[in-house]
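Visitor: Below is the file my_file_13.txt, which contains compact mmCIF, C-alpha atoms.
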# COMPACT_ATOMS: atom_id res chain seq x y z
CA MET A 1 18.31 -38.06 14.73
CA ASN A 2 20.50 -36.08 12.31
CA LEU A 3 18.48 -32.89 11.93
CA GLU A 4 20.80 -31.48 9.26
CA ARG A 5 19.53 -34.07 6.80
CA LEU A 6 15.93 -32.92 7.11
CA SER A 7 14.51 -30.29 4.78
CA ASP A 8 12.93 -27.15 6.23
CA GLU A 9 9.50 -28.51 5.43
CA GLU A 10 10.24 -31.84 7.18
CA LEU A 11 11.44 -29.95 10.25
CA VAL A 12 8.19 -27.98 10.34
CA ALA A 13 6.10 -31.13 9.92
CA ARG A 14 7.91 -32.85 12.83
CA ALA A 15 7.91 -29.75 15.00
CA ARG A 16 4.16 -29.36 14.70
CA ALA A 17 3.12 -30.87 17.94
CA PRO A 18 -0.41 -31.88 18.92
CA ALA A 19 -2.52 -29.01 20.26
CA GLY A 20 -1.48 -27.87 23.72
CA SER A 21 2.08 -29.17 23.73
CA PRO A 22 5.04 -26.97 22.76
CA PRO A 23 6.91 -27.86 19.54
CA ALA A 24 10.26 -29.62 19.85
CA VAL A 25 12.87 -27.01 20.66
CA GLU A 26 15.71 -28.78 18.82
CA LEU A 27 13.75 -28.89 15.58
CA ILE A 28 12.80 -25.22 15.79
CA ASP A 29 16.35 -24.29 16.73
CA GLU A 30 17.69 -26.11 13.65
CA LEU A 31 15.03 -24.55 11.41
CA PHE A 32 15.55 -21.00 12.65
CA ARG A 33 19.35 -21.29 12.63
CA ARG A 34 19.20 -21.94 8.88
CA HIS A 35 17.38 -18.66 8.33
CA TYR A 36 18.81 -16.25 10.91
CA GLY A 37 21.30 -14.79 8.41
CA ARG A 38 18.68 -14.28 5.73
CA VAL A 39 16.22 -12.54 8.08
CA ALA A 40 19.03 -10.56 9.75
CA ARG A 41 20.17 -9.21 6.39
CA TRP A 42 16.61 -8.39 5.32
CA CYS A 43 15.80 -6.53 8.57
CA PHE A 44 19.11 -4.66 8.50
CA ARG A 45 18.33 -3.46 5.00
CA PHE A 46 14.96 -2.17 6.16
CA THR A 47 16.20 -0.42 9.28
CA GLY A 48 19.85 0.43 8.60
CA ASP A 49 20.51 -0.14 12.29
CA ARG A 50 21.59 -3.45 13.83
CA GLU A 51 19.80 -3.12 17.20
CA SER A 52 16.45 -2.26 15.58
CA ALA A 53 17.04 -4.99 12.99
CA ALA A 54 17.64 -7.57 15.75
CA ASP A 55 14.39 -6.55 17.50
CA LEU A 56 12.48 -6.73 14.23
CA ALA A 57 14.01 -10.11 13.35
CA GLN A 58 13.05 -11.45 16.78
CA GLU A 59 9.46 -10.32 16.21
CA ILE A 60 9.46 -12.11 12.85
CA PHE A 61 10.71 -15.39 14.36
CA ALA A 62 8.26 -15.07 17.26
CA LYS A 63 5.42 -14.63 14.76
CA VAL A 64 6.65 -17.60 12.70
CA TYR A 65 6.88 -19.71 15.90
CA ARG A 66 3.32 -18.78 16.89
CA SER A 67 1.84 -19.42 13.45
CA LEU A 68 3.83 -22.50 12.48
CA GLY A 69 0.57 -24.44 12.60
CA SER A 70 -0.81 -22.40 9.70
CA PHE A 71 2.08 -23.31 7.35
CA GLN A 72 0.39 -25.66 4.90
CA GLY A 73 3.51 -26.70 3.01
CA GLN A 74 2.11 -25.34 -0.26
CA SER A 75 5.30 -23.35 -0.74
CA LYS A 76 8.86 -23.64 0.47
CA PHE A 77 9.28 -22.66 4.11
CA SER A 78 11.61 -19.86 3.00
CA THR A 79 8.86 -18.37 0.78
CA TRP A 80 6.43 -18.43 3.69
CA LEU A 81 9.08 -16.88 5.93
CA HIS A 82 9.62 -14.19 3.28
CA SER A 83 5.93 -13.26 3.33
CA VAL A 84 5.96 -12.97 7.14
CA ALA A 85 9.23 -10.97 7.10
CA LYS A 86 8.03 -8.67 4.34
CA ASN A 87 4.71 -7.89 6.04
CA GLU A 88 6.34 -7.34 9.44
CA CYS A 89 8.97 -5.01 7.97
CA LEU A 90 6.45 -3.02 5.93
CA ASN A 91 4.17 -2.66 8.94
CA ALA A 92 7.10 -1.64 11.13
CA ILE A 93 8.28 0.94 8.63
CA LYS A 94 4.77 2.43 8.46
CA LEU A 95 4.54 2.65 12.25
CA ARG A 96 8.06 3.98 12.69
CA PRO A 97 9.43 5.33 9.43
CA ILE A 98 12.73 6.61 10.84
CA TRP A 99 15.20 4.29 12.55
CA PRO A 100 18.51 5.47 14.05
CA GLY A 101 20.28 4.51 10.80
CA GLU A 102 17.94 6.57 8.64
CA ALA A 103 18.81 9.97 7.24
CA GLY A 104 15.19 11.02 7.33
CA GLY A 105 12.89 8.46 5.71
CA GLU A 106 12.65 10.54 2.58
CA MET A 107 9.57 10.16 0.37
CA LEU A 108 9.68 11.71 -3.09
CA GLY A 109 6.87 13.09 -5.21
CA GLU A 110 4.99 14.62 -2.29
CA ARG A 111 5.29 18.20 -3.39
CA PRO A 112 3.27 19.60 -6.29
CA ASP A 113 5.14 19.17 -9.52
CA SER A 114 7.06 21.90 -11.22
CA ASP A 115 5.56 23.57 -14.28
CA GLU A 116 7.43 21.42 -16.79
CA SER A 117 6.07 18.17 -15.29
CA ASP A 118 3.03 16.56 -16.86
CA PHE A 119 2.07 14.14 -14.10
CA GLY A 120 -1.04 16.22 -13.44
CA PHE A 121 -2.04 15.71 -17.07
CA ALA A 122 -1.35 11.99 -16.69
CA ALA A 123 -3.38 11.75 -13.50
CA GLU A 124 -6.32 13.41 -15.24
CA ARG A 125 -6.10 11.25 -18.37
CA LEU A 126 -4.96 7.91 -16.98
CA SER A 127 -8.11 7.15 -15.10
CA SER A 128 -7.42 3.48 -15.76
CA ALA A 129 -4.71 1.78 -13.68
CA HIS A 130 -4.14 -0.46 -16.70
CA LEU A 131 -2.97 2.50 -18.80
CA ALA A 132 -0.72 3.74 -16.00
CA ARG A 133 0.86 0.26 -15.75
CA GLN A 134 1.39 0.32 -19.50
CA LEU A 135 3.15 3.66 -19.12
CA LEU A 136 5.46 2.27 -16.41
CA ASN A 137 6.30 -0.77 -18.56
CA GLU A 138 6.96 1.25 -21.66
CA ALA A 139 9.12 3.91 -20.04
CA LEU A 140 11.14 2.20 -17.29
CA ASP A 141 13.87 -0.40 -17.09
CA GLU A 142 13.70 -3.27 -14.58
CA THR A 143 15.50 -1.58 -11.68
CA GLU A 144 13.61 1.69 -12.13
CA LYS A 145 10.33 -0.23 -12.08
CA THR A 146 11.27 -2.09 -8.89
CA VAL A 147 12.42 1.09 -7.14
CA PHE A 148 9.29 2.91 -8.30
CA ALA A 149 6.99 0.09 -7.15
CA LEU A 150 8.62 -0.10 -3.71
CA HIS A 151 8.50 3.68 -3.26
CA PHE A 152 5.05 4.49 -4.63
CA GLY A 153 3.36 1.11 -4.24
CA GLU A 154 4.71 0.04 -0.82
CA ASP A 155 5.53 3.52 0.55
CA LEU A 156 9.13 2.59 1.33
CA PRO A 157 11.53 5.50 1.96
CA VAL A 158 14.38 5.82 -0.53
CA GLU A 159 17.07 4.91 2.03
CA ALA A 160 15.41 1.56 2.77
CA ILE A 161 15.04 0.79 -0.96
CA THR A 162 18.71 1.59 -1.54
CA ARG A 163 19.76 -0.93 1.13
CA LEU A 164 17.11 -3.52 0.24
CA LEU A 165 18.18 -3.70 -3.41
CA GLY A 166 21.87 -3.23 -2.60
CA LEU A 167 22.15 -0.18 -4.86
CA ARG A 168 25.73 1.05 -4.87
CA ASN A 169 25.46 4.30 -6.87
CA ALA A 170 26.08 7.59 -5.02
CA SER A 171 22.48 8.68 -4.43
CA GLY A 172 20.95 5.19 -4.44
CA ALA A 173 17.21 4.78 -5.07
CA LYS A 174 16.70 8.53 -5.31
CA ALA A 175 18.63 8.63 -8.59
CA TYR A 176 16.45 5.85 -10.03
CA ILE A 177 13.25 7.68 -9.07
CA VAL A 178 14.49 10.94 -10.58
CA SER A 179 15.44 9.18 -13.81
CA ALA A 180 12.16 7.21 -13.84
CA ARG A 181 10.08 10.36 -13.42
CA ARG A 182 12.06 12.06 -16.20
CA LYS A 183 11.43 9.13 -18.56
CA LEU A 184 7.75 8.95 -17.61
CA ASN A 185 7.41 12.67 -18.15
CA ARG A 186 8.94 12.39 -21.63
CA LEU A 187 6.57 9.58 -22.55
CA ILE A 188 3.57 11.51 -21.20
CA GLN A 189 4.66 14.51 -23.31
CA ARG A 190 4.64 12.26 -26.39
CA TRP A 191 1.18 10.93 -25.46
CA LYS A 192 0.01 14.52 -24.97
CA VAL A 193 1.29 15.63 -28.39
CA ARG A 194 -0.32 12.57 -29.99
CA GLU A 195 -3.63 13.33 -28.25
CA GLN A 196 -3.55 17.00 -29.32
CA ARG A 197 -2.73 15.99 -32.91
CA THR A 198 -5.64 13.51 -32.96
CA MET A 199 -7.99 16.16 -31.57
CA GLY A 200 -6.76 18.68 -34.17
CA GLU A 201 -7.33 16.18 -36.99
CA GLY A 202 -10.81 15.51 -35.61
CA ARG A 203 -11.66 19.23 -35.76
CA GLU A 204 -10.33 19.61 -39.33
CA SER A 205 -12.31 16.70 -40.74
CA MET B 1 -6.39 23.97 -6.75
CA PRO B 2 -5.91 20.18 -6.71
CA ASP B 3 -2.70 18.83 -5.13
CA ARG B 4 -0.83 17.46 -8.16
CA GLY B 5 1.73 15.67 -5.94
CA ALA B 6 -1.04 13.73 -4.22
CA ALA B 7 -2.64 13.03 -7.61
CA GLU B 8 0.65 11.61 -8.85
CA ARG B 9 1.06 9.35 -5.82
CA ALA B 10 -2.53 8.13 -6.22
CA LEU B 11 -1.90 7.49 -9.90
CA TRP B 12 1.12 5.22 -9.28
CA LYS B 13 -0.41 3.62 -6.20
CA GLY B 14 -3.39 2.56 -8.33
CA ALA B 15 -1.14 1.27 -11.09
CA LEU B 16 0.90 -0.77 -8.61
CA SER B 17 -2.01 -2.28 -6.68
CA PRO B 18 -2.63 -6.02 -7.06
CA THR B 19 -4.94 -7.07 -9.88
CA GLU B 20 -7.04 -10.22 -10.29
CA GLY B 21 -4.39 -11.63 -12.60
CA CYS B 22 -1.51 -11.11 -10.15
CA LEU B 23 0.27 -14.23 -8.96
CA THR B 24 0.44 -15.20 -5.29
CA LEU B 25 3.84 -15.53 -3.65
CA GLU B 26 3.52 -19.34 -3.84
CA GLU B 27 2.78 -19.13 -7.57
CA LEU B 28 5.70 -16.76 -8.11
CA GLU B 29 7.95 -19.27 -6.31
CA ARG B 30 6.69 -22.10 -8.55
CA TRP B 31 7.06 -19.89 -11.63
CA SER B 32 10.61 -19.08 -10.62
CA ASP B 33 11.40 -22.79 -10.14
CA ARG B 34 9.67 -23.64 -13.44
CA ARG B 35 7.04 -25.71 -11.62
CA LEU B 36 3.99 -23.58 -12.47
CA PRO B 37 1.63 -25.47 -14.85
CA ASP B 38 0.26 -22.58 -16.96
CA ARG B 39 3.63 -20.95 -17.50
CA ALA B 40 2.77 -19.15 -20.75
CA LYS B 41 -0.13 -17.29 -19.15
CA ALA B 42 2.02 -16.36 -16.15
CA ASN B 43 4.86 -15.23 -18.44
CA ALA B 44 2.52 -12.87 -20.26
CA HIS B 45 1.18 -11.41 -17.02
CA ILE B 46 4.56 -11.00 -15.31
CA ALA B 47 6.03 -9.33 -18.41
CA ARG B 48 3.54 -6.47 -18.12
CA CYS B 49 2.93 -6.33 -14.37
CA PRO B 50 5.34 -4.10 -12.39
CA ARG B 51 3.87 -5.39 -9.13
CA CYS B 52 4.57 -9.07 -9.86
CA GLN B 53 8.03 -8.16 -11.16
CA THR B 54 8.74 -6.35 -7.88
CA GLU B 55 7.39 -9.20 -5.74
CA LEU B 56 9.61 -11.58 -7.67
CA ALA B 57 12.66 -9.34 -7.24
CA MET B 58 12.00 -9.10 -3.48
CA LEU B 59 11.52 -12.87 -3.17
CA ARG B 60 14.78 -13.53 -5.03
CA GLU B 61 16.60 -10.97 -2.92
CA PHE B 62 15.33 -12.64 0.26
CA GLN B 63 16.13 -16.18 -0.91
CA SER B 64 19.60 -15.21 -2.05
CA ALA B 65 22.36 -15.86 0.45
CA ALA B 66 24.44 -12.94 -0.82
CA THR B 67 25.54 -10.52 1.86
CA HIS B 68 27.38 -7.39 0.75
CA PRO B 69 30.77 -6.88 2.45
CA ALA B 70 29.49 -3.56 3.84
CA GLU B 71 26.71 -5.29 5.80
CA ALA B 72 28.55 -8.50 6.76
CA ASP B 73 29.56 -7.34 10.26
CA ALA B 74 26.07 -6.13 11.11
CA VAL B 75 24.48 -9.35 9.81
CA SER B 76 26.89 -11.49 11.88
CA TRP B 77 26.13 -9.40 14.97
CA ILE B 78 22.34 -9.68 14.48
CA THR B 79 22.59 -13.43 13.82
CA ALA B 80 24.61 -13.96 17.02
CA ASP B 81 22.10 -11.83 18.93
CA LEU B 82 19.18 -13.91 17.60
CA GLU B 83 20.94 -17.15 18.61
CA ARG B 84 21.54 -15.74 22.11
CA ARG B 85 17.91 -14.60 22.44
CA PHE B 86 16.64 -18.01 21.30
CA ALA B 87 18.93 -19.79 23.81
CA GLU B 88 17.66 -17.54 26.61
CA HIS B 89 14.08 -18.25 25.56
CA CYS B 90 14.79 -22.01 25.70
CA VAL B 91 16.28 -21.68 29.18
CA ARG B 92 13.20 -19.79 30.37
CA LEU B 93 10.97 -22.42 28.75
CA THR B 94 12.90 -25.27 30.43
CA LEU B 95 12.70 -23.52 33.81
CA ALA B 96 8.97 -22.93 33.37
CA VAL B 97 8.37 -26.57 32.37
CA GLY B 98 10.57 -27.72 35.31
CA SER B 99 8.73 -25.64 37.92
CA ALA B 100 5.33 -26.75 36.55
CA SER B 101 6.48 -30.36 36.78
CA ASP B 102 7.69 -29.78 40.41
CA ARG B 103 4.29 -28.36 41.33
CA ASN B 104 2.56 -31.39 39.84
CA HIS B 105 4.77 -33.77 41.84
CA ARG B 106 4.12 -32.01 45.15
I need this file expressed as structure tokens, please.

Guide:
Amino acid sequence: MNLERLSDEELVARARAPAGSPPAVELIDELFRRHYGRVARWCFRFTGDRESAADLAQEIFAKVYRSLGSFQGQSKFSTWLHSVAKNECLNAIKLRPIWPGEAGGEMLGERPDSDESDFGFAAERLSSAHLARQLLNEALDETEKTVFALHFGEDLPVEAITRLLGLRNASGAKAYIVSARRKLNRLIQRWKVREQRTMGEGRES
Amino acid sequence: MPDRGAAERALWKGALSPTEGCLTLEELERWSDRRLPDRAKANAHIARCPRCQTELAMLREFQSAATHPAEADAVSWITADLERRFAEHCVRLTLAVGSASDRNHR
């Protein structure tokens, strides 16, 4: 059988053996071989260190091997693999935030803001997540939004985001977060002025 | 005094959490391949949802075969290591199956 002609999904379907018997090694080998590079690159971007990345990638393929039976074929195999790889990497980074390749797993925005920042005002006013999302959409460009979401939404350190998105500027993701916070702060200032003006008009009338 | 840094993190965390309207990874894949039936509704959601936009960017980054020259050596090394580990696993599996079969024949 020429395995190269089979799609990923066909390989999975054929490799799924009846309960109790191990799946065909040749089929799995062909399937995994097609994705080693992709997972290797992904893990290296998370860890910044090839040994840790290889261990993490092995864990991902072991998990995929064990749960192959749960792949329903409702998406491409590569999409399913992505969800496994993403979850494994995020869990790993939470358990062990600093790999040998990391400078220090830096997280921004942990210290109280300086006096000129209005994020405290925003936190008090933007009780609705919907309004905060609107603020992010209005103020940030696409890359800033992605960096911001990975840092604040997924708790990824800036070094990992820099590698993951292949950012080539000198200070990587950190620069995008600084610029995003500056833009958000400016927009919050405008909202604040607008709110004060509305309140003032309300008092006068 | 309340910790304004923590308040900020909570603010963005809330804004970036999944909502009822967020698309699953499978739906984002179909949207990306123009195979999602209700595309207009998905377009409107994705346009204003930083979370879905990020999921989509991550999915595209993963699916892409592009390796930067700076990471090419490391990726080749990891790939070779994975192939070696898989081969070793297969050898162990073959040996285990072989010895089980020997026991059954005795």

Visitor: Using Å and a single decimal, report how far CA of Lys63 (chain A) sits from CA of Ala65 (chain B).

Guide: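 If I compute the distance from CA of Ala65 (chain B) to CA of Lys63 (chain A), I get 22.2 Å.
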
Visitor: Could you please determine the separation between CA of Leu56 (chain B) and CA of Leu28 (chain B) in Å, to one decimal place?

Guide: 6.5 Å

Visitor: Using only C-alpha atoms, select each residue of chain B with any atom at most 8 Å away from an atom of chain A, and give the selection as a VMD selection string.

Guide: chain B and resid 3 to 9 11 to 17 25 to 26 29 48 to 51 53 to 54 57 59 61 to 65 67 to 68 71 74 to 79 81 to 83 86 90

Visitor: For CA of Arg39 (chain B) and CA of Glu144 (chain A), determine how far apart the two atoms are, in Å to one decimal place.

Guide: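 Separating CA of Arg39 (chain B) from CA of Glu144 (chain A) is a distance of 25.3 Å.
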
Visitor: From the list A:Leu90, A:Leu68, A:Leu184, A:Ala170, which residue is nearest Leu156 (chain A) when using all atoms listed in the file?

Guide: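 Looking only at the distances to Leu156 (chain A), the closest residue turns out to be A:Leu90.
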
Visitor: Box time for region 36-42 of chain B: axis-aligned, enclosing all its listed atoms, 4 Å extra on each side; report centre and edge lengths in Å to one decimal, as JSON.

Guide:
{"center_x": 1.9, "center_y": -20.9, "center_z": -16.6, "size_x": 12.1, "size_y": 17.1, "size_z": 16.3}

Visitor: Got a sec to write region 145-203 of chain A of the block to a file, C-alpha atoms, as a short mmCIF file (atom, residue, chain, number, x, y, z; two decimals), in the first residue's frame?

Guide:
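The result, written out as part-v8.cif:
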data_model
loop_
_atom_site.label_atom_id
_atom_site.label_comp_id
_atom_site.auth_asym_id
_atom_site.auth_seq_id
_atom_site.Cartn_x
_atom_site.Cartn_y
_atom_site.Cartn_z
CA LYS A 145 -4.38 42.47 19.77
CA THR A 146 -2.84 39.01 19.25
CA VAL A 147 0.12 39.78 21.51
CA PHE A 148 -2.19 41.26 24.13
CA ALA A 149 -4.56 38.27 24.01
CA LEU A 150 -1.71 35.76 24.35
CA HIS A 151 -0.13 37.69 27.23
CA PHE A 152 -3.19 38.67 29.25
CA GLY A 153 -5.65 36.02 28.06
CA GLU A 154 -3.38 32.95 27.95
CA ASP A 155 -0.74 34.14 30.45
CA LEU A 156 2.12 33.56 28.01
CA PRO A 157 5.44 35.25 28.87
CA VAL A 158 6.64 37.86 26.39
CA GLU A 159 9.63 35.77 25.23
CA ALA A 160 7.37 32.88 24.20
CA ILE A 161 5.01 35.24 22.33
CA THR A 162 7.95 36.79 20.48
CA ARG A 163 9.07 33.37 19.23
CA LEU A 164 5.55 32.04 18.63
CA LEU A 165 4.60 34.94 16.35
CA GLY A 166 8.09 35.21 14.84
CA LEU A 167 8.41 38.87 15.85
CA ARG A 168 11.72 40.23 14.59
CA ASN A 169 11.81 43.71 16.18
CA ALA A 170 14.45 44.38 18.86
CA SER A 171 12.31 43.98 21.98
CA GLY A 172 9.75 41.61 20.45
CA ALA A 173 6.33 41.22 22.11
CA LYS A 174 7.26 43.61 24.91
CA ALA A 175 7.27 46.53 22.48
CA TYR A 176 3.78 45.60 21.24
CA ILE A 177 2.42 45.42 24.78
CA VAL A 178 3.95 48.78 25.69
CA SER A 179 2.49 50.38 22.56
CA ALA A 180 -0.88 48.66 23.12
CA ARG A 181 -1.11 49.90 26.70
CA ARG A 182 -0.20 53.42 25.56
CA LYS A 183 -2.96 53.37 22.91
CA LEU A 184 -5.48 51.90 25.35
CA ASN A 185 -4.57 54.52 27.90
CA ARG A 186 -5.11 57.32 25.36
CA LEU A 187 -8.52 55.92 24.43
CA ILE A 188 -9.50 55.54 28.09
CA GLN A 189 -8.48 59.19 28.65
CA ARG A 190 -10.83 60.21 25.83
CA TRP A 191 -13.63 58.10 27.32
CA LYS A 192 -12.94 59.70 30.71
CA VAL A 193 -13.12 63.25 29.30
CA ARG A 194 -16.33 62.36 27.46
CA GLU A 195 -17.83 60.92 30.65
CA GLN A 196 -16.86 64.00 32.71
CA ARG A 197 -18.30 66.30 30.03
CA THR A 198 -21.58 64.35 30.01
CA MET A 199 -21.76 64.48 33.81
CA GLY A 200 -21.04 68.24 33.74
CA GLU A 201 -23.80 68.82 31.18
CA GLY A 202 -26.16 66.76 33.33
CA ARG A 203 -25.46 68.99 36.35
#
